[in-house]
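**Q** Input data.cif, format and content: mmCIF, C-alpha atoms.
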data_work
loop_
_atom_site.label_atom_id
_atom_site.label_comp_id
_atom_site.auth_asym_id
_atom_site.auth_seq_id
_atom_site.Cartn_x
_atom_site.Cartn_y
_atom_site.Cartn_z
CA MET Z 1 -3.09 75.86 -131.56
CA LYS Z 2 -6.40 74.19 -132.36
CA CYS Z 3 -4.66 70.82 -132.26
CA LEU Z 4 -3.59 71.12 -128.64
CA PRO Z 5 -6.98 70.24 -127.09
CA MET Z 6 -7.18 67.18 -129.31
CA LEU Z 7 -3.62 66.22 -128.35
CA GLY Z 8 -4.55 66.56 -124.67
CA ILE Z 9 -7.60 64.35 -125.14
CA ALA Z 10 -5.47 61.74 -126.92
CA ILE Z 11 -2.91 61.70 -124.10
CA LEU Z 12 -5.70 61.44 -121.52
CA ALA Z 13 -7.34 58.59 -123.41
CA THR Z 14 -4.02 56.74 -123.65
CA GLY Z 15 -3.54 57.10 -119.91
CA LEU Z 16 -7.03 55.79 -119.22
CA LEU Z 17 -6.48 52.81 -121.51
CA SER Z 18 -3.24 51.98 -119.73
CA ALA Z 19 -4.88 52.27 -116.33
CA CYS Z 20 -7.87 50.17 -117.37
CA GLY Z 21 -5.96 47.49 -119.29
CA PRO Z 22 -5.94 43.85 -118.23
CA SER Z 23 -4.48 43.47 -114.76
CA LYS Z 24 -2.23 40.63 -113.67
CA PRO Z 25 -4.24 37.89 -111.91
CA GLU Z 26 -3.84 37.95 -108.14
CA ARG Z 27 -2.00 35.08 -106.51
CA LEU Z 28 -3.99 32.83 -104.21
CA LEU Z 29 -1.21 32.51 -101.62
CA SER Z 30 -0.15 35.51 -99.55
CA GLN Z 31 3.48 34.38 -99.54
CA PRO Z 32 5.66 31.77 -101.29
CA PRO Z 33 5.45 28.23 -99.89
CA ALA Z 34 8.09 27.03 -97.44
CA PRO Z 35 10.67 24.56 -98.80
CA ALA Z 36 10.05 20.85 -98.25
CA ARG Z 37 11.35 19.50 -94.94
CA THR Z 38 13.59 16.75 -96.24
CA GLY Z 39 15.64 14.69 -93.80
CA ALA Z 40 18.76 12.59 -93.56
CA PRO Z 41 19.25 9.70 -96.00
CA LEU Z 42 17.71 6.36 -95.01
CA PRO Z 43 18.36 2.83 -96.28
CA LEU Z 44 16.40 2.63 -99.52
CA ALA Z 45 14.26 -0.31 -98.38
CA GLN Z 46 13.62 0.97 -94.83
CA VAL Z 47 9.92 1.82 -94.48
CA GLU Z 48 8.96 2.04 -90.83
CA ARG Z 49 5.69 3.93 -91.43
CA PRO Z 50 4.30 2.84 -94.81
CA VAL Z 51 1.71 4.97 -96.57
CA ASP Z 52 -1.79 3.69 -97.40
CA LEU Z 53 -2.03 4.08 -101.19
CA ALA Z 54 -5.78 3.42 -101.46
CA ARG Z 55 -6.55 7.11 -102.02
CA PHE Z 56 -3.80 7.35 -104.64
CA ASP Z 57 -5.30 4.37 -106.46
CA SER Z 58 -8.87 5.72 -106.35
CA ASP Z 59 -8.33 9.37 -107.34
CA PRO Z 60 -4.74 10.53 -107.87
CA CYS Z 61 -5.80 13.91 -109.28
CA ALA Z 62 -7.45 14.78 -105.95
CA LEU Z 63 -4.18 14.40 -104.07
CA LEU Z 64 -3.55 18.16 -104.02
CA THR Z 65 -5.91 20.82 -102.68
CA LYS Z 66 -6.40 24.08 -104.60
CA ASP Z 67 -3.97 25.88 -102.27
CA GLN Z 68 -1.42 23.10 -102.77
CA VAL Z 69 -1.78 23.28 -106.55
CA ALA Z 70 -1.02 26.99 -106.22
CA ALA Z 71 1.99 26.17 -104.06
CA VAL Z 72 3.63 23.67 -106.40
CA VAL Z 73 2.18 24.07 -109.92
CA ALA Z 74 1.03 27.64 -110.58
CA ASP Z 75 -0.46 30.55 -108.66
CA PRO Z 76 -3.20 31.52 -109.36
CA PRO Z 77 -4.26 27.90 -109.94
CA ASP Z 78 -7.50 28.56 -111.86
CA ASP Z 79 -6.07 27.55 -115.26
CA VAL Z 80 -4.18 24.47 -114.06
CA ARG Z 81 -5.38 21.29 -115.74
CA ALA Z 82 -5.15 17.86 -114.11
CA ASN Z 83 -4.91 14.76 -116.29
CA ARG Z 84 -5.25 11.25 -114.95
CA GLN Z 85 -2.72 8.71 -116.19
CA THR Z 86 -4.01 5.15 -116.51
CA VAL Z 87 -1.68 3.65 -119.13
CA PRO Z 88 1.48 1.70 -118.15
CA PRO Z 89 4.27 2.09 -117.18
CA ALA Z 90 2.80 4.28 -114.42
CA PHE Z 91 -0.50 5.28 -112.86
CA GLY Z 92 -1.16 8.72 -111.42
CA CYS Z 93 -1.89 12.35 -112.34
CA SER Z 94 -0.13 15.25 -114.06
CA TRP Z 95 -0.79 18.96 -113.67
CA THR Z 96 0.07 21.73 -116.15
CA ASN Z 97 -0.67 25.42 -116.63
CA HIS Z 98 -1.18 26.98 -120.10
CA GLY Z 99 1.01 24.45 -121.82
CA GLY Z 100 3.81 24.92 -119.32
CA ALA Z 101 5.93 22.22 -117.75
CA LEU Z 102 4.23 19.08 -116.49
CA MET Z 103 4.34 18.20 -112.81
CA SER Z 104 3.25 14.67 -112.03
CA ALA Z 105 2.73 12.18 -109.24
CA ALA Z 106 2.99 8.59 -110.42
CA LYS Z 107 2.88 5.06 -109.06
CA PRO Z 108 5.09 2.86 -111.28
CA ILE Z 109 3.35 -0.42 -112.10
CA GLU Z 110 6.32 -1.88 -113.96
CA SER Z 111 9.91 -2.28 -112.78
CA PRO Z 112 11.56 -0.30 -111.30
CA LYS Z 113 8.83 -0.10 -108.66
CA THR Z 114 11.11 0.39 -105.64
CA LEU Z 115 14.13 2.53 -104.84
CA ASP Z 116 16.31 -0.58 -104.67
CA GLU Z 117 15.20 -1.55 -108.19
CA LEU Z 118 15.79 2.02 -109.40
CA ALA Z 119 19.28 2.06 -107.87
CA ALA Z 120 20.10 -1.21 -109.67
CA SER Z 121 18.50 -0.21 -112.98
CA PRO Z 122 20.46 0.12 -116.25
CA LEU Z 123 19.71 3.87 -116.22
CA LYS Z 124 21.48 4.25 -112.87
CA GLU Z 125 24.34 1.97 -113.88
CA ASP Z 126 24.83 3.97 -117.10
CA GLY Z 127 24.97 7.25 -115.14
CA LYS Z 128 21.72 8.58 -116.60
CA LEU Z 129 20.13 9.42 -113.24
CA GLU Z 130 22.90 11.72 -112.06
CA PRO Z 131 23.21 13.69 -109.91
CA TRP Z 132 21.65 11.15 -107.52
CA THR Z 133 20.98 12.45 -104.00
CA GLU Z 134 19.56 10.26 -101.25
CA THR Z 135 17.39 11.94 -98.63
CA SER Z 136 14.07 11.32 -96.85
CA VAL Z 137 10.55 12.77 -97.02
CA ASP Z 138 8.25 12.43 -94.01
CA GLY Z 139 10.36 9.62 -92.61
CA LEU Z 140 10.41 7.68 -95.88
CA PRO Z 141 13.52 6.96 -97.98
CA ALA Z 142 13.71 9.22 -101.03
CA VAL Z 143 16.04 9.98 -103.93
CA VAL Z 144 16.36 13.18 -105.98
CA TYR Z 145 17.76 12.75 -109.50
CA HIS Z 146 17.81 14.23 -113.01
CA VAL Z 147 16.63 11.85 -115.73
CA PHE Z 148 19.17 11.77 -118.56
CA GLY Z 149 21.03 14.65 -116.92
CA HIS Z 150 18.62 17.40 -118.04
CA SER Z 151 18.72 20.21 -115.48
CA ASP Z 152 15.23 21.35 -116.56
CA GLU Z 153 13.78 18.00 -115.50
CA CYS Z 154 13.87 16.64 -111.96
CA SER Z 155 12.43 13.60 -110.20
CA VAL Z 156 11.91 12.66 -106.58
CA SER Z 157 11.08 9.01 -105.84
CA VAL Z 158 9.80 8.10 -102.38
CA GLN Z 159 9.56 4.55 -101.01
CA ALA Z 160 5.94 4.68 -99.81
CA THR Z 161 5.59 0.98 -98.88
CA GLU Z 162 7.98 -1.95 -98.85
CA GLU Z 163 6.82 -2.93 -102.36
CA GLN Z 164 6.02 0.42 -103.94
CA MET Z 165 7.64 3.79 -104.53
CA LEU Z 166 5.92 6.94 -105.76
CA THR Z 167 7.67 9.17 -108.27
CA PHE Z 168 7.19 12.93 -108.61
CA ASP Z 169 8.45 14.69 -111.74
CA ILE Z 170 8.77 18.00 -113.48
CA GLN Z 171 9.27 17.95 -117.26
CA GLY Z 172 9.59 20.92 -119.58
CA LYS Z 173 11.04 24.41 -119.51
CA ASP Z 174 8.24 26.94 -118.99
CA LEU Z 175 6.79 27.39 -115.51
CA PRO Z 176 4.25 30.24 -115.75
CA GLY Z 177 3.09 31.31 -112.29
CA SER Z 178 5.36 28.85 -110.48
CA TYR Z 179 7.23 29.62 -107.28
CA TRP Z 180 9.90 27.06 -108.25
CA ASP Z 181 11.31 28.31 -111.53
CA LYS Z 182 14.77 28.72 -109.95
CA ASP Z 183 14.54 25.54 -107.85
CA ARG Z 184 12.76 22.84 -109.80
CA CYS Z 185 13.93 19.97 -107.62
CA GLY Z 186 12.71 21.97 -104.63
CA GLY Z 187 9.28 22.21 -106.24
CA VAL Z 188 9.14 18.48 -106.90
CA ALA Z 189 10.24 17.73 -103.32
CA LYS Z 190 7.50 20.06 -102.05
CA MET Z 191 4.93 18.20 -104.14
CA ALA Z 192 6.14 14.90 -102.72
CA GLU Z 193 5.87 16.24 -99.19
CA LEU Z 194 2.32 17.50 -99.74
CA VAL Z 195 1.07 14.32 -101.41
CA ILE Z 196 2.63 12.05 -98.76
CA GLY Z 197 1.16 14.26 -96.04
CA ASN Z 198 -2.30 14.05 -97.59
CA LEU Z 199 -2.05 10.28 -97.91
CA ARG Z 200 -1.03 10.05 -94.25
CA GLN Z 201 -4.27 11.86 -93.35
CA SER Z 202 -6.48 9.55 -95.41
#
Could you spell out this file's structure in structure tokens?
**A**
Amino acid sequence: MKCLPMLGIAILATGLLSACGPSKPERLLSQPPAPARTGAPLPLAQVERPVDLARFDSDPCALLTKDQVAAVVADPPDDVRANRQTVPPAFGCSWTNHGGALMSAAKPIESPKTLDELAASPLKEDGKLEPWTETSVDGLPAVVYHVFGHSDECSVSVQATEEQMLTFDIQGKDLPGSYWDKDRCGGVAKMAELVIGNLRQS
């Protein structure tokens, strides 16, 4: 009988520890982001409203706001790291969260630099960019494809100017805190939409 009070204290202490344990970080966004508003396919070289890439060239890692990082990389975004890429074959920025999958925005500086070049590349001819889906993002020609056929990896290339496309990628399996774990191509398309929109406002 003398053990019962001690047992009660132990149960109470366990309950308090459970209640006071580390809580899950709160998301920054009040609701999941809306899907990207992609449009009908356009001729791959048709660029009626080219994008000014000066801001991309000067600071590619500033192309997403904190809310946008939460929307496409991880929410909460506090532990997301941005890494600038300055070595060929591409220039841009990648974002990752706790060693999770990389999401990147890149400006290829070696061929293929345009959608036409990509469509005529050996990778495309060898069937290594399938499935290949032509669409548009903010009135610009775009293509969604899986490099080497890996379903965990997805790319969206957008013809930003007549001479230059931008490529958005996700690479890797783990997506901690991401809204796009079940729709990786949707997440990459959303990133493309946000970056193009921000460049339009520059």
**Q** With a distance cut-off of 9 Å and all atoms listed in the file, select the neighbouring residues of stretch 154-163 of chain Z, excluding the residue or stretch itself and same-chain residues fewer than 3 positions from it, and output the selection as a PyMOL selection string.
**A** chain Z and resi 44-53+113-115+136-137+140-147+149-151+166-171+184-185+188-189+192+196
**Q** So how many Å separate atom CA of Z:Pro176 and atom CA of Z:Arg81, to one decimal?
**A**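 Between these atoms lies a distance of 13.1 Å.
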**Q** For the provided coordinates, the residues matched by the PyMOL selection byres ((chain Z and resi 29) around 9) should be stated as a list in words.
**A**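 This file gives the following for the PyMOL selection byres ((chain Z and resi 29) around 9): Glu26, Arg27, Leu28, Ser30, Gln31, Pro32, Pro33, Asp67, Ala70, Ala71, Asp75 and Pro76 of chain Z.
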**Q** Could you list the residues chosen by the PyMOL selection byres ((chain Z and resi 107) around 6) in this structure as a ChimeraX atom specification?
**A** /Z:90-92,106,108,166
**Q** Any chance you could export the current selection's C-alpha atoms as an mmCIF file, keeping the file's coordinate frame?
**A**
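The resulting file, part_29.cif, is shown below:
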data_model
loop_
_atom_site.group_PDB
_atom_site.id
_atom_site.type_symbol
_atom_site.label_atom_id
_atom_site.label_comp_id
_atom_site.auth_asym_id
_atom_site.auth_seq_id
_atom_site.Cartn_x
_atom_site.Cartn_y
_atom_site.Cartn_z
ATOM 1 C CA ALA Z 90 2.800 4.280 -114.420
ATOM 2 C CA PHE Z 91 -0.500 5.280 -112.860
ATOM 3 C CA GLY Z 92 -1.160 8.720 -111.420
ATOM 4 C CA ALA Z 106 2.990 8.590 -110.420
ATOM 5 C CA PRO Z 108 5.090 2.860 -111.280
ATOM 6 C CA LEU Z 166 5.920 6.940 -105.760
#
**Q** So, with all atoms listed in the file as the atoms that count, which of Z:Leu63, Z:Val195, Z:Leu118, Z:Leu175 lies closest to Z:Thr96?
**A**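 Among the listed residues, Z:Leu175 lies closest to Z:Thr96.
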**Q** Given 3 Å on each side, where is the centre and what are the edge lengths in Å to one decimal of the axis-aligned box enclosing the listed atoms of stretch 48-55 of chain Z, as AutoDock Vina command-line options?
**A**
--center_x 1.2 --center_y 4.6 --center_z -96.4 --size_x 21.5 --size_y 11.1 --size_z 17.2
**Q** Taking 4 positions as the minimum chain separation for residues in the same chain, which residues sit within 8 Å of Z:Val72 when counting only C-alpha atoms? Answer as a ChimeraX atom specification.
**A** /Z:68,178-180,187-188,190-191
**Q** Using Å and a single decimal, report how far atom CA of Z:Ala74 sits from atom CA of Z:Ala101.
**A**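 Spanning atom CA of Z:Ala101 to atom CA of Z:Ala74 is a straight-line distance of 10.2 Å.
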**Q** Considering all atoms listed in the file, can you say which of Z:Asp152, Z:Ala34, Z:Asp138, Z:Gln201 comes closest to Z:Lys182?
**A**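 Among the listed residues, the smallest separation from Z:Lys182 belongs to Z:Asp152.
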